[in-house]
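**Q** What follows is the file structure.pdb, containing PDB, C-alpha atoms:
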ATOM      1  CA  ALA A 208     110.001 114.993 100.199  1.00  0.00           C
ATOM      2  CA  GLN A 209     110.521 111.736 102.012  1.00  0.00           C
ATOM      3  CA  SER A 210     114.007 110.301 102.006  1.00  0.00           C
ATOM      4  CA  VAL A 211     116.096 107.567 103.553  1.00  0.00           C
ATOM      5  CA  ALA A 212     119.834 107.521 104.165  1.00  0.00           C
ATOM      6  CA  GLN A 213     122.029 104.523 104.850  1.00  0.00           C
ATOM      7  CA  PRO A 214     125.396 106.066 105.691  1.00  0.00           C
ATOM      8  CA  GLU A 215     127.446 102.880 105.411  1.00  0.00           C
ATOM      9  CA  ASP A 216     128.027 101.114 102.110  1.00  0.00           C
ATOM     10  CA  GLN A 217     129.379  98.070 103.922  1.00  0.00           C
ATOM     11  CA  VAL A 218     129.421  96.707 107.459  1.00  0.00           C
ATOM     12  CA  ASN A 219     131.839  93.970 108.479  1.00  0.00           C
ATOM     13  CA  VAL A 220     131.151  91.872 111.561  1.00  0.00           C
ATOM     14  CA  ALA A 221     132.637  88.736 113.058  1.00  0.00           C
ATOM     15  CA  GLU A 222     130.272  85.834 113.561  1.00  0.00           C
ATOM     16  CA  GLY A 223     128.784  85.854 117.052  1.00  0.00           C
ATOM     17  CA  ASN A 224     129.251  89.604 117.504  1.00  0.00           C
ATOM     18  CA  PRO A 225     126.353  92.047 117.581  1.00  0.00           C
ATOM     19  CA  LEU A 226     125.587  93.916 114.387  1.00  0.00           C
ATOM     20  CA  THR A 227     124.036  97.286 113.611  1.00  0.00           C
ATOM     21  CA  VAL A 228     123.037  98.608 110.206  1.00  0.00           C
ATOM     22  CA  LYS A 229     122.219 102.296 110.308  1.00  0.00           C
ATOM     23  CA  CYS A 230     119.308 104.139 108.750  1.00  0.00           C
ATOM     24  CA  THR A 231     118.081 107.715 109.090  1.00  0.00           C
ATOM     25  CA  TYR A 232     114.965 109.136 107.525  1.00  0.00           C
ATOM     26  CA  SER A 233     113.267 112.380 106.629  1.00  0.00           C
ATOM     27  CA  VAL A 234     109.486 112.414 106.438  1.00  0.00           C
ATOM     28  CA  SER A 235     106.621 114.791 106.909  1.00  0.00           C
ATOM     29  CA  GLY A 236     104.151 113.303 109.338  1.00  0.00           C
ATOM     30  CA  ASN A 237     104.359 109.934 111.019  1.00  0.00           C
ATOM     31  CA  PRO A 238     106.895 107.613 109.425  1.00  0.00           C
ATOM     32  CA  TYR A 239     106.138 104.138 108.132  1.00  0.00           C
ATOM     33  CA  LEU A 240     109.550 102.423 108.188  1.00  0.00           C
ATOM     34  CA  PHE A 241     110.696  99.090 106.819  1.00  0.00           C
ATOM     35  CA  TRP A 242     113.757  96.879 106.539  1.00  0.00           C
ATOM     36  CA  TYR A 243     114.248  94.473 103.655  1.00  0.00           C
ATOM     37  CA  VAL A 244     117.046  92.000 102.965  1.00  0.00           C
ATOM     38  CA  GLN A 245     118.306  90.910  99.558  1.00  0.00           C
ATOM     39  CA  TYR A 246     120.346  87.770  99.097  1.00  0.00           C
ATOM     40  CA  PRO A 247     122.424  87.395  95.899  1.00  0.00           C
ATOM     41  CA  ASN A 248     120.306  87.026  92.753  1.00  0.00           C
ATOM     42  CA  ARG A 249     117.097  87.142  94.763  1.00  0.00           C
ATOM     43  CA  GLY A 250     114.286  89.594  95.314  1.00  0.00           C
ATOM     44  CA  LEU A 251     113.863  91.652  98.448  1.00  0.00           C
ATOM     45  CA  GLN A 252     112.437  89.948 101.524  1.00  0.00           C
ATOM     46  CA  PHE A 253     110.554  91.790 104.239  1.00  0.00           C
ATOM     47  CA  LEU A 254     112.275  91.762 107.662  1.00  0.00           C
ATOM     48  CA  LEU A 255     110.298  94.119 109.869  1.00  0.00           C
ATOM     49  CA  LYS A 256     108.343  97.330 110.009  1.00  0.00           C
ATOM     50  CA  TYR A 257     107.508 100.202 112.310  1.00  0.00           C
ATOM     51  CA  ILE A 258     104.117 101.816 111.995  1.00  0.00           C
ATOM     52  CA  THR A 259     103.272 102.821 115.548  1.00  0.00           C
ATOM     53  CA  GLY A 260     103.668 101.542 119.087  1.00  0.00           C
ATOM     54  CA  ASP A 261     106.803 100.218 120.778  1.00  0.00           C
ATOM     55  CA  ASN A 262     110.036 101.738 119.584  1.00  0.00           C
ATOM     56  CA  LEU A 263     111.757  98.341 119.526  1.00  0.00           C
ATOM     57  CA  VAL A 264     110.400  96.239 116.699  1.00  0.00           C
ATOM     58  CA  LYS A 265     111.181  92.538 116.349  1.00  0.00           C
ATOM     59  CA  GLY A 266     111.267  90.843 112.988  1.00  0.00           C
ATOM     60  CA  SER A 267     112.353  87.777 111.090  1.00  0.00           C
ATOM     61  CA  TYR A 268     115.568  85.780 111.625  1.00  0.00           C
ATOM     62  CA  GLY A 269     116.287  87.357 115.041  1.00  0.00           C
ATOM     63  CA  PHE A 270     116.561  90.901 113.707  1.00  0.00           C
ATOM     64  CA  GLU A 271     115.157  93.910 115.502  1.00  0.00           C
ATOM     65  CA  ALA A 272     115.113  97.620 114.873  1.00  0.00           C
ATOM     66  CA  GLU A 273     114.908 100.608 117.143  1.00  0.00           C
ATOM     67  CA  PHE A 274     112.836 103.604 116.153  1.00  0.00           C
ATOM     68  CA  ASN A 275     114.221 106.867 117.546  1.00  0.00           C
ATOM     69  CA  LYS A 276     112.033 109.821 116.735  1.00  0.00           C
ATOM     70  CA  SER A 277     114.349 112.491 118.131  1.00  0.00           C
ATOM     71  CA  GLN A 278     117.273 111.217 116.061  1.00  0.00           C
ATOM     72  CA  THR A 279     115.067 110.264 113.087  1.00  0.00           C
ATOM     73  CA  SER A 280     116.761 106.883 112.996  1.00  0.00           C
ATOM     74  CA  PHE A 281     115.651 103.299 112.504  1.00  0.00           C
ATOM     75  CA  HIS A 282     118.763 101.170 112.983  1.00  0.00           C
ATOM     76  CA  LEU A 283     118.666  97.437 112.330  1.00  0.00           C
ATOM     77  CA  LYS A 284     120.245  95.229 114.989  1.00  0.00           C
ATOM     78  CA  LYS A 285     120.950  91.636 115.835  1.00  0.00           C
ATOM     79  CA  PRO A 286     122.566  90.434 119.084  1.00  0.00           C
ATOM     80  CA  SER A 287     124.667  87.679 117.498  1.00  0.00           C
ATOM     81  CA  ALA A 288     125.512  87.701 113.779  1.00  0.00           C
ATOM     82  CA  LEU A 289     125.574  84.600 111.598  1.00  0.00           C
ATOM     83  CA  VAL A 290     127.569  84.048 108.415  1.00  0.00           C
ATOM     84  CA  SER A 291     124.233  83.405 106.718  1.00  0.00           C
ATOM     85  CA  ASP A 292     123.169  86.987 107.554  1.00  0.00           C
ATOM     86  CA  SER A 293     125.592  88.240 104.899  1.00  0.00           C
ATOM     87  CA  ALA A 294     123.431  90.079 102.375  1.00  0.00           C
ATOM     88  CA  LEU A 295     122.343  93.502 101.175  1.00  0.00           C
ATOM     89  CA  TYR A 296     120.031  95.349 103.564  1.00  0.00           C
ATOM     90  CA  PHE A 297     117.650  98.104 102.553  1.00  0.00           C
ATOM     91  CA  CYS A 298     115.870 100.576 104.756  1.00  0.00           C
ATOM     92  CA  ALA A 299     112.683 102.062 103.298  1.00  0.00           C
ATOM     93  CA  VAL A 300     110.054 104.614 104.190  1.00  0.00           C
ATOM     94  CA  ARG A 301     106.541 104.743 102.850  1.00  0.00           C
ATOM     95  CA  ASP A 302     105.505 107.960 101.198  1.00  0.00           C
ATOM     96  CA  PRO A 303     101.749 108.221 101.841  1.00  0.00           C
ATOM     97  CA  THR A 304     101.567 111.593 100.133  1.00  0.00           C
ATOM     98  CA  ASN A 305     102.640 110.362  96.729  1.00  0.00           C
ATOM     99  CA  TYR A 306     102.346 107.451  94.324  1.00  0.00           C
ATOM    100  CA  GLY A 307      99.233 105.702  95.393  1.00  0.00           C
ATOM    101  CA  GLY A 308      97.693 107.645  98.206  1.00  0.00           C
ATOM    102  CA  SER A 309      97.375 105.790 101.468  1.00  0.00           C
ATOM    103  CA  GLN A 310      99.462 102.839 100.330  1.00  0.00           C
ATOM    104  CA  GLY A 311     102.019 105.010  98.679  1.00  0.00           C
ATOM    105  CA  ASN A 312     105.436 104.170  97.429  1.00  0.00           C
ATOM    106  CA  LEU A 313     108.447 102.756  99.219  1.00  0.00           C
ATOM    107  CA  ILE A 314     111.394 105.112  99.148  1.00  0.00           C
ATOM    108  CA  PHE A 315     114.515 102.991  99.488  1.00  0.00           C
ATOM    109  CA  GLY A 316     117.938 103.765 100.811  1.00  0.00           C
ATOM    110  CA  LYS A 317     120.939 102.798  98.704  1.00  0.00           C
ATOM    111  CA  GLY A 318     121.511  99.630 100.671  1.00  0.00           C
ATOM    112  CA  THR A 319     124.199  98.401 103.057  1.00  0.00           C
ATOM    113  CA  LYS A 320     126.191  95.283 102.341  1.00  0.00           C
ATOM    114  CA  LEU A 321     126.591  93.210 105.486  1.00  0.00           C
ATOM    115  CA  SER A 322     129.525  90.814 105.564  1.00  0.00           C
ATOM    116  CA  VAL A 323     129.780  88.376 108.471  1.00  0.00           C
ATOM    117  CA  LYS A 324     133.071  86.510 108.715  1.00  0.00           C
ATOM    118  CA  PRO A 325     133.515  83.188 110.542  1.00  0.00           C
TER     119      PRO A 325
ATOM    120  CA  ASN B 248     101.896  79.656  97.376  1.00  0.00           C
ATOM    121  CA  ALA B 249     103.976  81.134  94.545  1.00  0.00           C
ATOM    122  CA  GLY B 250     103.764  84.790  95.647  1.00  0.00           C
ATOM    123  CA  VAL B 251     105.107  87.150  92.963  1.00  0.00           C
ATOM    124  CA  THR B 252     106.460  85.511  89.822  1.00  0.00           C
ATOM    125  CA  GLN B 253     108.530  87.304  87.200  1.00  0.00           C
ATOM    126  CA  THR B 254     109.608  86.085  83.788  1.00  0.00           C
ATOM    127  CA  PRO B 255     112.108  85.982  82.227  1.00  0.00           C
ATOM    128  CA  LYS B 256     114.945  85.883  84.766  1.00  0.00           C
ATOM    129  CA  PHE B 257     117.528  87.109  82.274  1.00  0.00           C
ATOM    130  CA  ARG B 258     117.347  88.809  78.893  1.00  0.00           C
ATOM    131  CA  ILE B 259     119.719  90.503  76.477  1.00  0.00           C
ATOM    132  CA  LEU B 260     118.193  93.023  74.095  1.00  0.00           C
ATOM    133  CA  LYS B 261     119.643  94.952  71.215  1.00  0.00           C
ATOM    134  CA  ILE B 262     119.166  98.712  71.088  1.00  0.00           C
ATOM    135  CA  GLY B 263     115.766  99.533  69.639  1.00  0.00           C
ATOM    136  CA  GLN B 264     114.190  96.163  70.343  1.00  0.00           C
ATOM    137  CA  SER B 265     111.057  95.771  72.403  1.00  0.00           C
ATOM    138  CA  MET B 266     110.069  93.332  75.092  1.00  0.00           C
ATOM    139  CA  THR B 267     107.581  92.716  77.865  1.00  0.00           C
ATOM    140  CA  LEU B 268     108.538  91.735  81.386  1.00  0.00           C
ATOM    141  CA  GLN B 269     105.851  89.578  82.900  1.00  0.00           C
ATOM    142  CA  CYS B 270     104.686  89.745  86.507  1.00  0.00           C
ATOM    143  CA  THR B 271     101.911  87.799  88.178  1.00  0.00           C
ATOM    144  CA  GLN B 272     100.858  87.451  91.811  1.00  0.00           C
ATOM    145  CA  ASP B 273      98.523  84.971  93.432  1.00  0.00           C
ATOM    146  CA  MET B 274      97.867  86.814  96.702  1.00  0.00           C
ATOM    147  CA  ASN B 275      94.928  88.892  95.432  1.00  0.00           C
ATOM    148  CA  HIS B 276      96.805  92.108  96.198  1.00  0.00           C
ATOM    149  CA  ASN B 277      95.373  95.312  94.825  1.00  0.00           C
ATOM    150  CA  TYR B 278      98.648  97.199  94.732  1.00  0.00           C
ATOM    151  CA  MET B 279     101.422  96.288  92.314  1.00  0.00           C
ATOM    152  CA  TYR B 280     104.688  98.013  91.524  1.00  0.00           C
ATOM    153  CA  TRP B 281     107.596  97.931  89.113  1.00  0.00           C
ATOM    154  CA  TYR B 282     111.008  98.989  90.375  1.00  0.00           C
ATOM    155  CA  ARG B 283     114.424  99.096  88.804  1.00  0.00           C
ATOM    156  CA  GLN B 284     117.578  98.503  90.779  1.00  0.00           C
ATOM    157  CA  ASP B 285     120.841 100.022  89.676  1.00  0.00           C
ATOM    158  CA  PRO B 286     124.117  99.359  91.512  1.00  0.00           C
ATOM    159  CA  GLY B 287     124.540 101.607  94.537  1.00  0.00           C
ATOM    160  CA  MET B 288     121.278 103.391  93.817  1.00  0.00           C
ATOM    161  CA  GLY B 289     118.640 101.453  95.722  1.00  0.00           C
ATOM    162  CA  LEU B 290     115.325 100.867  93.990  1.00  0.00           C
ATOM    163  CA  LYS B 291     113.414 103.401  91.942  1.00  0.00           C
ATOM    164  CA  LEU B 292     109.683 103.178  91.209  1.00  0.00           C
ATOM    165  CA  ILE B 293     108.825 102.989  87.505  1.00  0.00           C
ATOM    166  CA  TYR B 294     105.042 102.459  87.505  1.00  0.00           C
ATOM    167  CA  TYR B 295     102.447 101.335  89.976  1.00  0.00           C
ATOM    168  CA  SER B 296      98.844 100.180  89.984  1.00  0.00           C
ATOM    169  CA  VAL B 297      96.205 100.461  92.697  1.00  0.00           C
ATOM    170  CA  GLY B 298      93.905  97.937  91.085  1.00  0.00           C
ATOM    171  CA  ALA B 299      92.797  96.389  87.823  1.00  0.00           C
ATOM    172  CA  GLY B 300      92.429  99.025  85.136  1.00  0.00           C
ATOM    173  CA  ILE B 301      94.289 101.709  87.091  1.00  0.00           C
ATOM    174  CA  THR B 302      97.949 102.541  86.567  1.00  0.00           C
ATOM    175  CA  ASP B 303     100.111 105.578  87.127  1.00  0.00           C
ATOM    176  CA  LYS B 304     103.667 106.798  86.717  1.00  0.00           C
ATOM    177  CA  GLY B 305     106.292 106.498  89.387  1.00  0.00           C
ATOM    178  CA  GLU B 306     109.614 108.263  89.715  1.00  0.00           C
ATOM    179  CA  VAL B 307     111.304 107.007  86.506  1.00  0.00           C
ATOM    180  CA  PRO B 308     108.593 106.106  83.938  1.00  0.00           C
ATOM    181  CA  ASN B 309     110.245 107.291  80.710  1.00  0.00           C
ATOM    182  CA  GLY B 310     110.754 104.511  78.173  1.00  0.00           C
ATOM    183  CA  TYR B 311     108.283 102.154  79.832  1.00  0.00           C
ATOM    184  CA  ASN B 312     104.582 101.333  79.709  1.00  0.00           C
ATOM    185  CA  VAL B 313     102.318  99.132  81.795  1.00  0.00           C
ATOM    186  CA  SER B 314      98.844  97.685  81.786  1.00  0.00           C
ATOM    187  CA  ARG B 315      96.695  96.036  84.458  1.00  0.00           C
ATOM    188  CA  SER B 316      93.824  94.144  82.909  1.00  0.00           C
ATOM    189  CA  THR B 317      93.510  91.708  85.836  1.00  0.00           C
ATOM    190  CA  THR B 318      94.310  91.784  89.542  1.00  0.00           C
ATOM    191  CA  GLU B 319      96.963  89.112  89.053  1.00  0.00           C
ATOM    192  CA  ASP B 320      99.015  90.452  86.146  1.00  0.00           C
ATOM    193  CA  PHE B 321     101.068  93.616  85.743  1.00  0.00           C
ATOM    194  CA  PRO B 322     103.338  93.456  82.666  1.00  0.00           C
ATOM    195  CA  LEU B 323     106.005  96.078  81.964  1.00  0.00           C
ATOM    196  CA  ARG B 324     106.666  97.001  78.346  1.00  0.00           C
ATOM    197  CA  LEU B 325     109.891  98.429  76.936  1.00  0.00           C
ATOM    198  CA  GLU B 326     109.206  99.785  73.457  1.00  0.00           C
ATOM    199  CA  LEU B 327     112.601 100.965  72.192  1.00  0.00           C
ATOM    200  CA  ALA B 328     115.316  99.543  74.371  1.00  0.00           C
ATOM    201  CA  ALA B 329     118.225 101.820  75.254  1.00  0.00           C
ATOM    202  CA  PRO B 330     121.491 101.063  77.087  1.00  0.00           C
ATOM    203  CA  SER B 331     120.250 103.222  79.994  1.00  0.00           C
ATOM    204  CA  GLN B 332     117.582 100.594  80.615  1.00  0.00           C
ATOM    205  CA  THR B 333     120.176  97.998  81.523  1.00  0.00           C
ATOM    206  CA  SER B 334     119.163  97.153  85.064  1.00  0.00           C
ATOM    207  CA  VAL B 335     117.534  94.620  87.343  1.00  0.00           C
ATOM    208  CA  TYR B 336     113.762  94.939  87.385  1.00  0.00           C
ATOM    209  CA  PHE B 337     111.608  93.938  90.316  1.00  0.00           C
ATOM    210  CA  CYS B 338     107.882  93.549  90.461  1.00  0.00           C
ATOM    211  CA  ALA B 339     106.159  93.797  93.836  1.00  0.00           C
ATOM    212  CA  SER B 340     102.674  93.615  95.266  1.00  0.00           C
ATOM    213  CA  SER B 341     101.058  94.631  98.533  1.00  0.00           C
ATOM    214  CA  ARG B 342      97.740  94.670 100.326  1.00  0.00           C
ATOM    215  CA  THR B 343      98.529  96.836 103.310  1.00  0.00           C
ATOM    216  CA  ASP B 344     101.946  97.567 104.741  1.00  0.00           C
ATOM    217  CA  GLU B 345     104.584  95.160 103.510  1.00  0.00           C
ATOM    218  CA  ALA B 346     105.444  94.570  99.883  1.00  0.00           C
ATOM    219  CA  PHE B 347     106.260  91.173  98.406  1.00  0.00           C
ATOM    220  CA  PHE B 348     108.888  91.089  95.681  1.00  0.00           C
ATOM    221  CA  GLY B 349     109.546  88.823  92.751  1.00  0.00           C
ATOM    222  CA  GLN B 350     113.015  87.411  92.116  1.00  0.00           C
ATOM    223  CA  GLY B 351     113.821  89.992  89.476  1.00  0.00           C
ATOM    224  CA  THR B 352     114.647  90.195  85.775  1.00  0.00           C
ATOM    225  CA  ARG B 353     118.202  91.067  84.822  1.00  0.00           C
ATOM    226  CA  LEU B 354     118.052  93.002  81.546  1.00  0.00           C
ATOM    227  CA  THR B 355     121.047  93.988  79.456  1.00  0.00           C
ATOM    228  CA  VAL B 356     120.678  96.279  76.446  1.00  0.00           C
ATOM    229  CA  VAL B 357     123.585  96.159  73.994  1.00  0.00           C
TER     230      VAL B 357
END
Translate this file's structure into structure tokens.
**A**
Amino acid sequence: AQSVAQPEDQVNVAEGNPLTVKCTYSVSGNPYLFWYVQYPNRGLQFLLKYITGDNLVKGSYGFEAEFNKSQTSFHLKKPSALVSDSALYFCAVRDPTNYGGSQGNLIFGKGTKLSVKP
Amino acid sequence: NAGVTQTPKFRILKIGQSMTLQCTQDMNHNYMYWYRQDPGMGLKLIYYSVGAGITDKGEVPNGYNVSRSTTEDFPLRLELAAPSQTSVYFCASSRTDEAFFGQGTRLTVV
């Protein structure tokens, strides 16, 4: 079964410092990986995805993620954190073998709360 | 462009009551989903639909029902509300890879 793990419940970063939010996955076949962000009392917003191609994926708001097949990881990164980046971040993997065939279902991690202090 | 719209935003139900959570999207997406979000648990799929007239169960379907009579609308029905259904509910839609989410419905069953 597909699964996603976010090992950190919370990440604290000072504004201007680089940030990393970790994600590891377990899939059979090629992974379809996603990062979403959730601001308080809002729905999830798509940040970026990895389907195939370059291992470094660039997304919205200056975020990027590095796909590492050997380590089965898809860590979210940003070179310089902003206070406004404080939110809940979810890593997700698509399960093409279940719940809808080729579109499948998104299997979410538990989320990591990012706190950026001034 | 409204995207995915959910109503209501908040609701308090008494045990045993019924209600329908509304979801509509204006992006002509075939795929629609209902998730519930519990603290520290991520999101769990309740039901999904691959197109009008076609629905199927997700990971946690018990206590819920759905219908998809049009491409735009995907309502979620709770027939006999239970405290275990206290949660935040998100509707989402997709065409290909990325899903678009509504702002959520916070439901409390007392």
**Q** Evaluate the ChimeraX specification (/B :<10) & /A and record the selected residues as a ChimeraX atom specification, following the chain and residue labels used in the document.
**A** /A:216,239-243,245,248-258,297-299,301,305-319
**Q** Run the PyMOL selection byres ((chain A and resi 234-236) around 9) mentally over the shown coordinates, then write out the matched residues as a ChimeraX atom specification, using the chain letters and numbers from the document.
**A** /A:208-211,232-233,237-238,279,300-302
**Q** Which residues would end up in the selection if the PyMOL selection byres ((chain B and resi 356) around 10) were applied here, given that I need the answer as a VMD selection string?
**A** chain B and resid 258 to 264 328 to 334 354 to 355 357
**Q** Could those residues be written to a file, using C-alpha atoms, as an mmCIF file, in the coordinates of the input?
**A**
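Writing done, so here's part14.cif:
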data_model
loop_
_atom_site.group_PDB
_atom_site.id
_atom_site.type_symbol
_atom_site.label_atom_id
_atom_site.label_comp_id
_atom_site.auth_asym_id
_atom_site.auth_seq_id
_atom_site.Cartn_x
_atom_site.Cartn_y
_atom_site.Cartn_z
ATOM 1 C CA ARG B 258 117.347 88.809 78.893
ATOM 2 C CA ILE B 259 119.719 90.503 76.477
ATOM 3 C CA LEU B 260 118.193 93.023 74.095
ATOM 4 C CA LYS B 261 119.643 94.952 71.215
ATOM 5 C CA ILE B 262 119.166 98.712 71.088
ATOM 6 C CA GLY B 263 115.766 99.533 69.639
ATOM 7 C CA GLN B 264 114.190 96.163 70.343
ATOM 8 C CA ALA B 328 115.316 99.543 74.371
ATOM 9 C CA ALA B 329 118.225 101.820 75.254
ATOM 10 C CA PRO B 330 121.491 101.063 77.087
ATOM 11 C CA SER B 331 120.250 103.222 79.994
ATOM 12 C CA GLN B 332 117.582 100.594 80.615
ATOM 13 C CA THR B 333 120.176 97.998 81.523
ATOM 14 C CA SER B 334 119.163 97.153 85.064
ATOM 15 C CA LEU B 354 118.052 93.002 81.546
ATOM 16 C CA THR B 355 121.047 93.988 79.456
ATOM 17 C CA VAL B 357 123.585 96.159 73.994
#
**Q** Please, what distance in Å, to one decimal, runs between atom CA of B:Ile301 and atom CA of B:Glu326?
**A**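 Answer for the atom CA of B:Ile301 to atom CA of B:Glu326 separation: 20.3 Å.
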**Q** Quick check, in Å to one decimal: how far apart do atom CA of B:Gly298 and atom CA of B:Thr318 lie?
**A**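 One can read the atom CA of B:Gly298 to atom CA of B:Thr318 distance as 6.4 Å.
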**Q** Between B:Met279, B:Ala299, B:Met274, B:Leu268, which one has atoms that come closest to B:Ser316, using only C-alpha atoms?
**A**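 Closest to B:Ser316 of all the choices is B:Ala299.
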**Q** Figure out the distance between atom CA of B:Gln253 and atom CA of B:Pro322, please, to one decimal in Å.
**A**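 Result for atom CA of B:Pro322 versus atom CA of B:Gln253: 9.2 Å, one decimal.
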**Q** Check the smallest atom-to-atom distance from each of B:Arg283, B:Thr254, B:Ser265, B:Ser340 to B:Glu319 using all atoms listed in the file, then report the winner.
**A**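 That would be B:Ser340, the residue with the smallest distance to B:Glu319.
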**Q** Between B:Val313, B:Leu325, B:Val307, B:Ala249, single out the one closest to B:Asp273, counting only C-alpha atoms.
**A** B:Ala249
**Q** I'd like the neighbourhood of A:Tyr268 as an MDAnalysis selection string, where a residue qualifies if any of its atoms comes within 12 Å (using only C-alpha atoms), though same-chain residues fewer than 2 positions away should be ignored.
**A** chainID A and resid 243:244 252:255 265:266 270:271 284:289 291:292
**Q** For a quick check of understanding, using all atoms listed in the file, which of B:Met266, B:Gln272, B:Trp281, B:Gly300 has the smallest distance to B:Asp320?
**A**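 For B:Asp320, the nearest of the candidates is B:Gln272.
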**Q** Excluding A:Glu273 and residues on its chain fewer than 6 positions from it, collect all residues at most 10 Å away from it, counting only C-alpha atoms, and give them as a VMD selection string.
**A** chain A and resid 257 261 to 265 280 to 284
